[in-house]
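Visitor: The structure under discussion is supplied below as structure tokens; questions concerning it will follow.
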Amino acid sequence: QVQLVESGGGLVQPGGSLRLSCAASGSIFSIYAMAWYRQGPGKERELVASITRGGSTNYADSVKGRFTISGDNAKNTVYLQMNSLKPEDTAVYYCKFTVNSFSNHFWGQGTQVTVSS
């Protein structure tokens, strides 16, 4: 089994920054990909950003140029640096790890990000 622990959420004013972290532990032999999703009030969960074990990244159009995903495979940790935050970024953010095979996914518990003045 694999356990994920997220941290870094909170309340921030528009234009501010936050950094989310997600650390994985357990039976991890190989990390295939790491990603961040979010689910805003009344909305479906959506992909925010992803990174492969080779370092290739992908971003939702709504966050390009403002968010940066990075990973530390040695620490089994993924980060999401969020700058120039907007009220529409308010959501619960979830990390997802794909480990040991392409079909083996694990989710974090979610961390609340609220952007408000």
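Order determines the names: the first chain of the structure tokens is A, the second B, and so forth; residues in each chain are numbered 1 upward, and ligands are numbered 1 upward as they are shown.
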Just the residues within 12 Å of stretch 91-94 of chain A, please, counting only C-alpha atoms, with nothing from its chain fewer than 4 positions along; format it as a VMD selection string.

Guide: chain A and resid 4 to 11 18 to 23 34 to 50 78 to 80 82 85 to 87 106 to 116

Visitor: Residues of chain A classed as strand (DSSP E) by DSSP on the backbone are to be reported as a PyMOL selection string.

Guide: chain A and resi 2-7+10-12+18-26+31-39+46-52+57-59+67-72+77-82+91-99+105-107+111-115

Visitor: So what do you get for atom CA of A:Arg66 versus atom CA of A:Ile31, distance-wise?

Guide: 25.3 Å

Visitor: What is the distance between atom CA of A:Asn104 and atom CA of A:Lys64, in Å to one decimal?

Guide: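 A separation of 27.2 Å between them.
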